[in-house]
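Trainee: For reference, the structure I am asking about is given below.
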Amino acid sequence: MSMPTFTAFAHPNIAFIKYWGNRENELRLPVNGSISMNLDGLFTRTTVTFSASAQTDSLLINNKQVAGPGLTRVSYILDIVRGMANLQDKAEVKSENNFPAGAGIASSAAAFAALALSASKAAGLNLTEPELSRLARRGSGSASRSIPAGFVEWQMGKGEEDSFAFSIAPVDHWNLVDCVAIVSAAHKKTGSTEGHALAGTSPLQNVRVDDTARRLEICRTAILKKDFEAFANIIEQDSDMMHSVMMTSTPPLMYWQAATVGIFHEVRAWRASGLAVGYTVDAGANVHVLCLADSAKEAEKRLREVAGVSDVLVAGVGGAAKIV
Ligand code: DP6
């Protein structure tokens, strides 16, 4: 007998204050809290069916069968769900997304948020938002932030139970736009999971972690007050601090390309001349240029003219993960 099929939809998110390093790897308990915004228009859609007749879990991503580590990571979440629902059935998971994977747009965030929601529903569970955020976190830390709507904070928590994300402001609170300048669509060499494990080898990581409460406070307040100048300054500092840790890890991680740095200079010059733009970069070479909606068209146009930029994706503020 098959159980009902559920399809869930989730957006990726861009972190303004970054998650970099775990204090507990298996549970994905972070060394610091983080703040992000969901990205509208970009999404992962995932369908889960548990079936008594299936011999193993199976995973189809963009119509391609996936085995190995990708499937193991999905089965890890399905095992947690089976444990919670007291279910033995294996599951068929089908997932599709509309943005390039591994290009500095955290595809794992949308993927595990959509999986947590669809798998728990398909297993007959009705989890609360914090429970879903915790479940998504186990698959990918940043996925905890793709469960709630709009502007989101993931509190590091004291333990497993209170390490989840919640909205700090709804979608319509502030009309921010993320213009993602694509510098490289190649799959990154060192993924976030391996990167988190290296964070502690940098002598700068403790300094970054010890300063997090200050950055979280400035960023949260800037969002709540819609203070773009303060917002742009803190997201750039936070991103530069995370990349300083990456570059000084053993072995060192250098995600930036020449074009990445070229965009930093442009963005700062544009802001100085009155365009409301600020940059942040995840574990990749692409630059997320956050703009006030009024500046977005102009920012997109100028980014397209910068040497080394092959494309620009434009996304507004996205909603919560939901069942479709
Ligand atoms: C640089 O959530 O992708 O994007 O938990 O191993 O899947 P895993 O890592 P992930 O790390 C995200 C790192 C980041 C910063 C951020 O999104 O906060």
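Residues in the structure tokens are numbered from 1 in each chain, the chains being A, B, ... in the order shown, and ligands are numbered from 1 in the order shown.
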Counting only C-alpha atoms, what is within 8 Å of Ala181 (chain A), bar same-chain residues fewer than 5 positions away, as a PDB file with C-alpha atoms, in the first residue's frame?
Mentor:
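Saved result, result_30.pdb, follows:
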```pdb
ATOM      1  CA  ASN A 286      29.233  34.666  -7.735  1.00  0.00           C
ATOM      2  CA  VAL A 287      28.366  38.001  -6.167  1.00  0.00           C
ATOM      3  CA  HIS A 288      24.968  38.673  -4.637  1.00  0.00           C
ATOM      4  CA  VAL A 289      24.324  42.387  -5.017  1.00  0.00           C
ATOM      5  CA  LEU A 303      26.461  44.399 -13.540  1.00  0.00           C
ATOM      6  CA  ARG A 304      25.861  42.996 -17.022  1.00  0.00           C
ATOM      7  CA  VAL A 309      29.878  38.600 -15.632  1.00  0.00           C
ATOM      8  CA  SER A 310      28.077  36.030 -17.809  1.00  0.00           C
ATOM      9  CA  ASP A 311      24.560  36.513 -16.462  1.00  0.00           C
ATOM     10  CA  VAL A 312      22.537  38.196 -13.707  1.00  0.00           C
ATOM     11  CA  LEU A 313      19.688  36.476 -11.838  1.00  0.00           C
TER      12      LEU A 313
END
```
Trainee: Please identify every polymer residue within 6 Å of ligand 1, using only C-alpha atoms and all ligand atoms, and present the set as a list in words.
Mentor: Ala15, Lys18, Tyr19, Trp20, Ala106, Ser108, Ser140, Gly141, Ser142, Ser192, Thr193, Asp282 and Ala283 of chain A
Trainee: How many Å lie between CA of Gly68 (chain A) and CA of Leu125 (chain A), rounded to one decimal?
Mentor: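 Going from CA of Gly68 (chain A) over to CA of Leu125 (chain A), I get 27.4 Å.
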Trainee: Counting only C-alpha atoms, which residue out of A:Ala143, A:Ile61, A:Leu71, A:Val93 sits closest to Pro12 (chain A)?
Mentor: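 Looking only at the distances to Pro12 (chain A), the closest residue turns out to be A:Ala143.
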Trainee: Write out as a ChimeraX atom specification the residues lying within 10 Å of Asp40 (chain A), counting only C-alpha atoms and excluding same-chain residues fewer than 3 positions away.
Mentor: /A:10-13,37,43,150,171,177-178,314-320
Trainee: Could you write out, as a JSON list (two decimals) with N, CA and C atoms, in the first residue's frame, all the residues of region 3-215 of chain A that DSSP marks as strand (DSSP E)?
Mentor:
```json
[["chain", "number", "residue", "atom", "x", "y", "z"],
["A", 6, "PHE", "N", 3.08, 13.84, -1.33],
["A", 6, "PHE", "CA", 3.05, 15.28, -1.06],
["A", 6, "PHE", "C", 4.17, 15.97, -1.81],
["A", 7, "THR", "N", 3.85, 17.16, -2.33],
["A", 7, "THR", "CA", 4.83, 17.98, -3.03],
["A", 7, "THR", "C", 5.02, 19.28, -2.26],
["A", 8, "ALA", "N", 6.26, 19.63, -2.00],
["A", 8, "ALA", "CA", 6.56, 20.89, -1.31],
["A", 8, "ALA", "C", 7.49, 21.74, -2.17],
["A", 9, "PHE", "N", 7.45, 23.00, -1.89],
["A", 9, "PHE", "CA", 8.12, 24.02, -2.69],
["A", 9, "PHE", "C", 8.90, 24.89, -1.71],
["A", 10, "ALA", "N", 10.17, 25.16, -1.97],
["A", 10, "ALA", "CA", 10.95, 26.05, -1.09],
["A", 10, "ALA", "C", 11.92, 26.89, -1.91],
["A", 13, "ASN", "N", 18.00, 30.73, -0.02],
["A", 13, "ASN", "CA", 18.11, 32.01, 0.70],
["A", 13, "ASN", "C", 19.53, 32.53, 0.56],
["A", 14, "ILE", "N", 19.67, 33.84, 0.75],
["A", 14, "ILE", "CA", 21.02, 34.42, 0.76],
["A", 14, "ILE", "C", 21.29, 34.92, 2.19],
["A", 15, "ALA", "N", 22.42, 34.47, 2.74],
["A", 15, "ALA", "CA", 22.76, 34.87, 4.11],
["A", 15, "ALA", "C", 23.40, 36.25, 4.13],
["A", 16, "PHE", "N", 22.95, 37.07, 5.05],
["A", 16, "PHE", "CA", 23.52, 38.41, 5.27],
["A", 16, "PHE", "C", 24.57, 38.34, 6.38],
["A", 17, "ILE", "N", 24.27, 37.55, 7.40],
["A", 17, "ILE", "CA", 25.26, 37.18, 8.42],
["A", 17, "ILE", "C", 25.42, 35.68, 8.24],
["A", 22, "ASN", "N", 30.62, 24.36, 12.29],
["A", 22, "ASN", "CA", 29.68, 23.68, 13.20],
["A", 22, "ASN", "C", 30.36, 23.40, 14.53],
["A", 23, "ARG", "N", 29.59, 23.43, 15.60],
["A", 23, "ARG", "CA", 30.14, 22.96, 16.87],
["A", 23, "ARG", "C", 29.83, 21.47, 17.02],
["A", 24, "GLU", "N", 28.87, 20.98, 16.23],
["A", 24, "GLU", "CA", 28.51, 19.56, 16.22],
["A", 24, "GLU", "C", 28.11, 19.22, 14.79],
["A", 29, "LEU", "N", 24.89, 21.70, 14.33],
["A", 29, "LEU", "CA", 24.71, 22.80, 15.28],
["A", 29, "LEU", "C", 25.81, 23.81, 15.00],
["A", 30, "PRO", "N", 25.43, 25.02, 14.62],
["A", 30, "PRO", "CA", 26.41, 26.01, 14.12],
["A", 30, "PRO", "C", 27.19, 26.67, 15.26],
["A", 34, "SER", "N", 22.80, 33.14, 12.33],
["A", 34, "SER", "CA", 22.88, 33.75, 10.99],
["A", 34, "SER", "C", 21.55, 34.40, 10.62],
["A", 35, "ILE", "N", 21.61, 35.29, 9.63],
["A", 35, "ILE", "CA", 20.41, 36.00, 9.16],
["A", 35, "ILE", "C", 20.39, 35.94, 7.64],
["A", 36, "SER", "N", 19.21, 35.77, 7.06],
["A", 36, "SER", "CA", 19.11, 35.64, 5.60],
["A", 36, "SER", "C", 17.77, 36.17, 5.08],
["A", 37, "MET", "N", 17.66, 36.14, 3.76],
["A", 37, "MET", "CA", 16.39, 36.47, 3.10],
["A", 37, "MET", "C", 16.13, 35.38, 2.07],
["A", 38, "ASN", "N", 14.88, 34.94, 1.98],
["A", 38, "ASN", "CA", 14.53, 33.95, 0.95],
["A", 38, "ASN", "C", 14.50, 34.62, -0.41],
["A", 44, "THR", "N", 13.02, 25.09, -5.39],
["A", 44, "THR", "CA", 13.10, 23.64, -5.53],
["A", 44, "THR", "C", 11.71, 23.09, -5.24],
["A", 45, "ARG", "N", 11.28, 22.14, -6.06],
["A", 45, "ARG", "CA", 9.98, 21.50, -5.84],
["A", 45, "ARG", "C", 10.25, 20.00, -5.66],
["A", 46, "THR", "N", 9.79, 19.45, -4.55],
["A", 46, "THR", "CA", 10.13, 18.05, -4.22],
["A", 46, "THR", "C", 8.88, 17.25, -3.87],
["A", 47, "THR", "N", 8.78, 16.06, -4.45],
["A", 47, "THR", "CA", 7.64, 15.18, -4.22],
["A", 47, "THR", "C", 8.14, 13.90, -3.53],
["A", 48, "VAL", "N", 7.46, 13.52, -2.45],
["A", 48, "VAL", "CA", 7.86, 12.32, -1.72],
["A", 48, "VAL", "C", 6.68, 11.35, -1.62],
["A", 49, "THR", "N", 6.95, 10.08, -1.93],
["A", 49, "THR", "CA", 5.96, 9.01, -1.75],
["A", 49, "THR", "C", 6.62, 7.86, -0.99],
["A", 50, "PHE", "N", 6.07, 7.52, 0.17],
["A", 50, "PHE", "CA", 6.54, 6.32, 0.87],
["A", 50, "PHE", "C", 5.75, 5.14, 0.32],
["A", 51, "SER", "N", 6.45, 4.03, 0.13],
["A", 51, "SER", "CA", 5.75, 2.88, -0.45],
["A", 51, "SER", "C", 6.29, 1.58, 0.15],
["A", 58, "SER", "N", 14.81, 6.07, -3.33],
["A", 58, "SER", "CA", 15.34, 6.49, -4.63],
["A", 58, "SER", "C", 15.20, 7.99, -4.77],
["A", 59, "LEU", "N", 16.12, 8.57, -5.55],
["A", 59, "LEU", "CA", 16.18, 10.03, -5.69],
["A", 59, "LEU", "C", 16.37, 10.41, -7.15],
["A", 60, "LEU", "N", 15.47, 11.26, -7.62],
["A", 60, "LEU", "CA", 15.53, 11.78, -8.98],
["A", 60, "LEU", "C", 15.68, 13.30, -8.88],
["A", 61, "ILE", "N", 16.79, 13.86, -9.37],
["A", 61, "ILE", "CA", 16.95, 15.32, -9.35],
["A", 61, "ILE", "C", 16.97, 15.81, -10.79],
["A", 64, "LYS", "N", 17.14, 13.16, -13.32],
["A", 64, "LYS", "CA", 18.31, 12.27, -13.35],
["A", 64, "LYS", "C", 18.38, 11.47, -12.05],
["A", 65, "GLN", "N", 18.55, 10.15, -12.20],
["A", 65, "GLN", "CA", 18.67, 9.28, -11.03],
["A", 65, "GLN", "C", 19.97, 9.60, -10.28],
["A", 66, "VAL", "N", 19.86, 9.79, -8.96],
["A", 66, "VAL", "CA", 21.04, 10.12, -8.16],
["A", 66, "VAL", "C", 21.28, 9.00, -7.15],
["A", 90, "LYS", "N", 10.21, 2.53, 2.46],
["A", 90, "LYS", "CA", 11.19, 3.32, 1.72],
["A", 90, "LYS", "C", 10.44, 4.38, 0.91],
["A", 91, "ALA", "N", 11.18, 5.37, 0.42],
["A", 91, "ALA", "CA", 10.51, 6.47, -0.27],
["A", 91, "ALA", "C", 11.10, 6.75, -1.64],
["A", 92, "GLU", "N", 10.21, 7.27, -2.50],
["A", 92, "GLU", "CA", 10.63, 7.77, -3.80],
["A", 92, "GLU", "C", 10.62, 9.29, -3.70],
["A", 93, "VAL", "N", 11.77, 9.90, -4.01],
["A", 93, "VAL", "CA", 11.90, 11.36, -3.92],
["A", 93, "VAL", "C", 12.20, 11.90, -5.30],
["A", 94, "LYS", "N", 11.39, 12.87, -5.73],
["A", 94, "LYS", "CA", 11.62, 13.52, -7.03],
["A", 94, "LYS", "C", 11.77, 15.00, -6.79],
["A", 95, "SER", "N", 12.85, 15.57, -7.31],
["A", 95, "SER", "CA", 13.12, 16.97, -7.02],
["A", 95, "SER", "C", 13.52, 17.72, -8.29],
["A", 96, "GLU", "N", 13.06, 18.96, -8.36],
["A", 96, "GLU", "CA", 13.41, 19.80, -9.52],
["A", 96, "GLU", "C", 13.76, 21.17, -9.01],
["A", 97, "ASN", "N", 14.81, 21.80, -9.59],
["A", 97, "ASN", "CA", 14.99, 23.21, -9.26],
["A", 97, "ASN", "C", 15.25, 24.01, -10.52],
["A", 151, "PHE", "N", 12.41, 37.56, 5.85],
["A", 151, "PHE", "CA", 13.71, 37.80, 6.49],
["A", 151, "PHE", "C", 13.78, 36.89, 7.71],
["A", 152, "VAL", "N", 14.85, 36.14, 7.81],
["A", 152, "VAL", "CA", 14.88, 35.01, 8.74],
["A", 152, "VAL", "C", 16.16, 35.01, 9.57],
["A", 153, "GLU", "N", 16.01, 34.65, 10.85],
["A", 153, "GLU", "CA", 17.20, 34.46, 11.69],
["A", 153, "GLU", "C", 17.24, 33.03, 12.19],
["A", 154, "TRP", "N", 18.40, 32.40, 12.09],
["A", 154, "TRP", "CA", 18.62, 31.06, 12.66],
["A", 154, "TRP", "C", 19.40, 31.26, 13.95],
["A", 165, "ALA", "N", 15.25, 28.27, 12.87],
["A", 165, "ALA", "CA", 15.11, 29.61, 12.30],
["A", 165, "ALA", "C", 13.67, 30.10, 12.40],
["A", 166, "PHE", "N", 13.52, 31.42, 12.42],
["A", 166, "PHE", "CA", 12.18, 32.05, 12.50],
["A", 166, "PHE", "C", 12.22, 33.36, 11.72],
["A", 167, "SER", "N", 11.05, 33.83, 11.29],
["A", 167, "SER", "CA", 10.96, 35.11, 10.57],
["A", 167, "SER", "C", 11.23, 36.26, 11.53],
["A", 168, "ILE", "N", 12.04, 37.22, 11.09],
["A", 168, "ILE", "CA", 12.16, 38.45, 11.88],
["A", 168, "ILE", "C", 11.38, 39.57, 11.21],
["A", 169, "ALA", "N", 11.04, 39.40, 9.93],
["A", 169, "ALA", "CA", 10.19, 40.36, 9.21],
["A", 169, "ALA", "C", 9.56, 39.64, 8.02],
["A", 176, "LEU", "N", 13.67, 44.56, -0.90],
["A", 176, "LEU", "CA", 15.06, 44.32, -1.31],
["A", 176, "LEU", "C", 15.07, 43.40, -2.52],
["A", 177, "VAL", "N", 16.07, 43.58, -3.37],
["A", 177, "VAL", "CA", 16.23, 42.73, -4.54],
["A", 177, "VAL", "C", 17.67, 42.21, -4.55],
["A", 178, "ASP", "N", 17.82, 40.93, -4.84],
["A", 178, "ASP", "CA", 19.15, 40.32, -4.96],
["A", 178, "ASP", "C", 19.46, 40.15, -6.44],
["A", 179, "CYS", "N", 20.46, 40.89, -6.93],
["A", 179, "CYS", "CA", 20.94, 40.69, -8.31],
["A", 179, "CYS", "C", 22.18, 39.82, -8.21],
["A", 180, "VAL", "N", 22.05, 38.57, -8.63],
["A", 180, "VAL", "CA", 23.16, 37.63, -8.50],
["A", 180, "VAL", "C", 24.00, 37.67, -9.77],
["A", 181, "ALA", "N", 25.20, 38.22, -9.65],
["A", 181, "ALA", "CA", 26.10, 38.31, -10.81],
["A", 181, "ALA", "C", 26.81, 36.97, -10.95],
["A", 182, "ILE", "N", 26.52, 36.28, -12.04],
["A", 182, "ILE", "CA", 27.12, 34.96, -12.28],
["A", 182, "ILE", "C", 28.49, 35.16, -12.93]]
```
Trainee: Quick one: everything within 12 Å of Asp294 (chain A), counting only C-alpha atoms, minus sequence neighbours fewer than 6 positions away in the same chain. Send it as an MDAnalysis selection string.
Mentor: chainID A and resid 174:177 274:277 300
Trainee: Provide the CA of Thr248 (chain A) to CA of Glu26 (chain A) distance in Å, to one decimal place.
Mentor: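 One can read the CA of Thr248 (chain A) to CA of Glu26 (chain A) distance as 24.5 Å.
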Trainee: Under the rule that only C-alpha atoms are counted, which of A:Ala185, A:Leu39, A:Ala85, A:Ala197 is the nearest residue to Pro251 (chain A)?
Mentor: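 Ranked by minimum distance to Pro251 (chain A), first place goes to A:Ala197.
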Trainee: Select, from A:Glu266, A:Leu87, A:Ala321, A:Pro69, the residue with the minimum atom-to-atom distance to Ala136 (chain A), counting only C-alpha atoms.
Mentor: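 Among A:Glu266, A:Leu87, A:Ala321, A:Pro69, it is A:Ala321 that comes nearest to Ala136 (chain A).
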Trainee: For the atom pair CA of Trp256 (chain A) and CA of Ser146 (chain A), what is the interatomic distance in Å to one decimal place?
Mentor: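 Result for CA of Trp256 (chain A) versus CA of Ser146 (chain A): 25.0 Å, one decimal.
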Trainee: Taking the DSSP secondary structure from the backbone, can you list the residues of region 28-199 of chain A that are alpha helix (DSSP H), as a PyMOL selection string?
Mentor: chain A and resi 69-85+107-122+129-139+192-199
Trainee: Of the candidates A:Gly284, A:Gly278, A:Gly308, A:Pro170, which shows the shortest atom-to-atom distance to Ala186 (chain A), using only C-alpha atoms?
Mentor: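 Among the listed residues, A:Gly284 lies closest to Ala186 (chain A).
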Trainee: Which residue is closest to Leu253 (chain A)? Choose from A:Leu132, A:Ala285, A:Ala123, A:Val207 and count only C-alpha atoms.
Mentor: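 Distance minimum relative to Leu253 (chain A) lands on A:Ala285.
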Trainee: Identify which of the residues A:Ala52, A:Met247, A:Val261, A:Ala110 lies closest to Pro203 (chain A), counting only C-alpha atoms when measuring atom-to-atom distances.
Mentor: A:Met247
Trainee: So that I can check the surroundings of Val209 (chain A), please list as an NGL selection string every protein, DNA and RNA residue that reaches within 7 Å of it, counting only C-alpha atoms and ignoring chain neighbours fewer than 3 positions away.
Mentor: :A and (31-32 or 205-206 or 212)
